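Worksheet for the structure shown next.
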Amino acid sequence: MQKTVLLIHKGKSFMLGPIAKNLADGGYKVVKAEPTMEDINAHKDEMDLFILYLGDYVDDVTNTLVYLKDICTEEDKLLILIGTASEIEVANRSIPSALISATFERPFDMKRLVAQADWLIEANDDLAKRKSVLLVDDDGTFLKMVKDWLSAKYRVTIVTSGAQALMYIADNRPDLILLDYEMPVTSGPQVLEMIRSETKVDSIPVIFLTGRDDPESVKSVLALKPDGYLLKNLDRTKLVAMVDDFFEKQKFKKLHDDKVL
C-alpha cells in the first residue's frame with residue numbers, strides 16, 4: 001500500500017524538489033499544498049503524514065498553524081516541521097512540541113527525513129492497535145509529562161479544555177478519558193455530566209485527575225460517579241500502573257460478561 005504525504009509550503013525553494021524526489025523514491029505519493037486551511041482541508045483525510053516546509057512566511061500563517069494543531073490533536077495526524085531554528089520556534093508558539101512528530105533544521109540529510117517518515121508511520125500503525133486515552137487538562141506542562149509517561153503503552157491524545165474534549169469525542173471514541181477535575185470555563189464535573197447525557201458517548205470510561213486528596217474532596221469527586229480518580233501527585237510508576245490496572249479489570253469484566261452471554 002502506497003504511503004501518502006502532504007508537503008505544505010509557500011513559494012519556491014531549491015530544496016523542495018529534492019525533498020519530493022527522495023520521498024517519491026522512498027515509496028511515497030507526494031501531494032503539495034499551500035499553507036492555507038482550505039488547501040490542507042481538501043487533502044487531509046487521505047494523508048498518512050504532513051510535512052510543513054517553513055519559510056519567512058511563518059509569521060503570517062498563525063491561523064493555519066492553529067488549524068494544523070487542531071488536526072494533530074483531534075485526528076492523531078503525524079506532523080514534521082522543516083525550517084530554521086527561528087522558524088521552528090515561531091511554529092512552536094502555535095503548535096506545542098508534544099504534537100510535532102519530528103523537526104529538521106535546514107540543511108539536513110534527505111535520507112534521514114525519509115527514514116524518519118517511515119519510522120513514524122510504522123510506529124503510528126502500531127499505536128493504532130493500542131488502547132486510546134484522551135488526556136484533558138489545562139496545564140500544558142502536566143499534559144506533556146503524563147503523555148510521555150503513558151505513550152510507551154497507549155495511544156494518547158491531549159486537549160487543553162473541556163470544550164476541546166467534547167469536540168474530540170464527537171468524532172472519536174477513546175477507550176478512556178483522564179479528565180482534570182478543576183478546569184476554568186468548563187469544569188471536569190460539567191464535562192462528565194455532558195458526556196453522560198449523550199447516548200452516543202455515555203459509556204466511555206472517565207477517570208478524574210485531581211490534586212486534592214482530603215476526605216471531603218475525594219467524597220465530592222466520587223459522588224459524581226466517575227470510573228475512578230487519580231491523584232496528580234502520583235509518580236510515573238504508580239500512575240501508569242493504575243491505568244494498566246483499569247484496563248486489566250475492564251478486560252476481565254468483558255470476559256466475564258461474554259461468558260454470561
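Labels for the C-alpha cells follow display order: chains A, B, ..., residues from 1 in each chain, ligands from 1.
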Find the residues near Leu23 (chain A): any atom within 12 Å, counting only C-alpha atoms, skip ones fewer than 4 places away on the same chain, and give them as a list in words.
Gln2, Lys3, Thr4, Val5, Leu6, Leu7, Leu16, Gly17, Pro18, Ile19, Gly27, Tyr28, Lys29, Val30, Val31, Leu49, Ile51, Met110, Lys111, Arg112, Leu113, Val114, Ala115, Gln116, Ala117 and Asp118 of chain A
Dump as a tab-separated table the rows for residues of region 118-194 of chain A within 12 Å of region 237-249 of chain A: closest atom pair and distance in Å with one decimal, only C-alpha atoms counted, ordered by chain and rising residue number.
```
residue	atom	partner	partner_atom	distance
A:Arg130	CA	A:Phe247	CA	11.4
A:Lys131	CA	A:Phe247	CA	8.6
A:Ser132	CA	A:Phe247	CA	10.8
A:Val133	CA	A:Val243	CA	9.6
A:Met145	CA	A:Leu239	CA	11.5
A:Val146	CA	A:Leu239	CA	8.7
A:Lys147	CA	A:Val240	CA	10.5
A:Asp148	CA	A:Val240	CA	10.6
A:Trp149	CA	A:Val240	CA	7.0
A:Leu150	CA	A:Val240	CA	6.4
A:Ser151	CA	A:Val240	CA	9.9
A:Ala152	CA	A:Val240	CA	9.9
A:Lys153	CA	A:Asp244	CA	9.0
A:Tyr154	CA	A:Asp244	CA	9.7
A:Asp175	CA	A:Phe247	CA	9.0
A:Leu176	CA	A:Phe247	CA	8.9
A:Ile177	CA	A:Val243	CA	10.7
A:Leu178	CA	A:Val243	CA	9.5
```
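Comparing A:Lys77, A:Lys219, A:Arg106, A:Lys12 by their smallest distance to Asp125 (chain A), the closest is A:Lys77 (using only C-alpha atoms).
Distances here use only C-alpha atoms; by that measure, the residue among A:Asp25, A:Asp59, A:Glu38, A:Asp76 closest to Asn172 (chain A) is A:Asp76.
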From a DSSP calculation on the backbone, collect every residue of region 90-214 of chain A in helix (DSSP H, G or I) and output the set as a PyMOL selection string.
chain A and resi 90-92+97-99+110-128+140-150+162-171+188-196
Region 164-217 of chain A: which residues are strand (DSSP E or B) by DSSP, as JSON, numbers by chain?
{"A": [176, 177, 178, 179, 180, 206, 207, 208, 209, 210]}
Give me the residues within 7 Å of Ile80 (chain A) as a list in words, counting only C-alpha atoms and dropping any in the same chain fewer than 5 places off.
Phe50, Ile51, Leu52, Ile100, Ser101, Ala102 and Thr103 of chain A
How about saving the chosen residues, C-alpha atoms kept, as a PDB file, in the first residue's frame?
```pdb
ATOM      1  CA  PHE A  50       2.090  16.128   6.955  1.00  0.00           C
ATOM      2  CA  ILE A  51       5.418  17.831   6.241  1.00  0.00           C
ATOM      3  CA  LEU A  52       5.375  21.600   6.768  1.00  0.00           C
ATOM      4  CA  ILE A 100       5.064  17.595  16.477  1.00  0.00           C
ATOM      5  CA  SER A 101       6.364  14.191  15.409  1.00  0.00           C
ATOM      6  CA  ALA A 102       9.815  15.415  14.303  1.00  0.00           C
ATOM      7  CA  THR A 103      11.710  18.566  13.335  1.00  0.00           C
TER       8      THR A 103
END
```
Using only C-alpha atoms, determine which residues lie at most 12 Å from Leu143 (chain A), disregarding the query and same-chain residues fewer than 2 positions distant; provide the list as a compact mmCIF listing (two decimals) with N, CA and C atoms, in the first residue's frame.
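What follows is the written file result04.txt:
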```txt
# COMPACT_ATOMS: atom_id res chain seq x y z
N PRO A 96 2.15 23.02 19.98
CA PRO A 96 3.01 22.51 21.06
C PRO A 96 3.95 21.42 20.56
N SER A 97 5.14 21.40 21.10
CA SER A 97 6.14 20.42 20.65
C SER A 97 5.65 18.98 20.83
N ALA A 98 4.77 18.75 21.82
CA ALA A 98 4.26 17.39 22.05
C ALA A 98 3.44 16.87 20.87
N LEU A 99 2.93 17.78 20.02
CA LEU A 99 2.12 17.37 18.88
C LEU A 99 2.93 17.24 17.60
N LEU A 134 -7.69 9.69 26.09
CA LEU A 134 -7.82 11.13 25.91
C LEU A 134 -7.47 11.80 27.23
N LEU A 135 -6.47 12.65 27.21
CA LEU A 135 -5.97 13.33 28.41
C LEU A 135 -6.40 14.78 28.36
N VAL A 136 -7.17 15.21 29.35
CA VAL A 136 -7.76 16.55 29.35
C VAL A 136 -7.27 17.33 30.57
N ASP A 137 -6.55 18.42 30.32
CA ASP A 137 -6.04 19.23 31.43
C ASP A 137 -5.62 20.59 30.88
N ASP A 138 -5.80 21.64 31.65
CA ASP A 138 -5.43 22.97 31.18
C ASP A 138 -3.96 23.31 31.49
N ASP A 139 -3.26 22.41 32.14
CA ASP A 139 -1.85 22.61 32.48
C ASP A 139 -0.98 21.92 31.41
N GLY A 140 -0.38 22.71 30.52
CA GLY A 140 0.40 22.15 29.43
C GLY A 140 1.58 21.32 29.88
N THR A 141 2.24 21.75 30.95
CA THR A 141 3.40 21.00 31.46
C THR A 141 2.98 19.63 31.97
N MET A 145 3.97 15.85 30.40
CA MET A 145 4.60 14.87 31.27
C MET A 145 3.83 13.56 31.28
N VAL A 146 2.51 13.63 31.49
CA VAL A 146 1.71 12.41 31.57
C VAL A 146 1.62 11.73 30.20
N LYS A 147 1.56 12.52 29.14
CA LYS A 147 1.56 11.91 27.80
C LYS A 147 2.85 11.11 27.59
N ASP A 148 3.98 11.68 27.99
CA ASP A 148 5.26 10.98 27.87
C ASP A 148 5.24 9.67 28.67
N TRP A 149 4.65 9.72 29.85
CA TRP A 149 4.59 8.53 30.71
C TRP A 149 3.75 7.41 30.08
N LEU A 150 2.61 7.79 29.49
CA LEU A 150 1.65 6.79 29.00
C LEU A 150 1.92 6.34 27.57
N SER A 151 2.67 7.14 26.82
CA SER A 151 2.81 6.86 25.39
C SER A 151 3.58 5.58 25.07
N VAL A 156 -2.10 8.20 23.05
CA VAL A 156 -2.54 9.31 23.91
C VAL A 156 -2.81 10.56 23.07
N THR A 157 -4.00 11.11 23.25
CA THR A 157 -4.36 12.39 22.64
C THR A 157 -4.53 13.41 23.76
N ILE A 158 -4.01 14.62 23.57
CA ILE A 158 -4.12 15.63 24.61
C ILE A 158 -4.96 16.81 24.13
N VAL A 159 -5.80 17.33 25.02
CA VAL A 159 -6.54 18.57 24.77
C VAL A 159 -6.47 19.41 26.03
N THR A 160 -6.65 20.70 25.87
CA THR A 160 -6.41 21.62 26.99
C THR A 160 -7.67 22.23 27.59
N SER A 161 -8.84 21.75 27.18
CA SER A 161 -10.08 22.32 27.74
C SER A 161 -11.20 21.31 27.63
N LEU A 178 -8.99 10.60 30.77
CA LEU A 178 -8.43 11.10 32.03
C LEU A 178 -8.73 12.58 32.07
N LEU A 179 -9.60 12.98 32.99
CA LEU A 179 -10.21 14.31 32.97
C LEU A 179 -9.86 15.13 34.20
N ASP A 180 -9.26 16.28 33.99
CA ASP A 180 -8.93 17.19 35.09
C ASP A 180 -10.23 17.62 35.79
N LEU A 209 -8.79 13.38 37.27
CA LEU A 209 -7.48 13.74 37.78
C LEU A 209 -7.68 14.88 38.77
N LYS A 232 -2.97 13.80 41.14
CA LYS A 232 -1.99 14.39 40.23
C LYS A 232 -0.56 14.28 40.75
```
Go ahead and compute the interatomic distance for CA of Asn92 (chain A) and CA of Leu68 (chain A), in Å to one decimal.
11.5 Å
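Pairwise distance (CA of Met47 (chain A), CA of Ala163 (chain A)) equals 26.4 Å.
Straight-line separation from CA of Leu81 (chain A) to CA of Phe104 (chain A): 6.2 Å.
Each of A:Asp70, A:Asp202, A:Asp109, A:Asp227 was checked against Ser94 (chain A) using only C-alpha atoms; the smallest atom-to-atom distance is that of A:Asp70.
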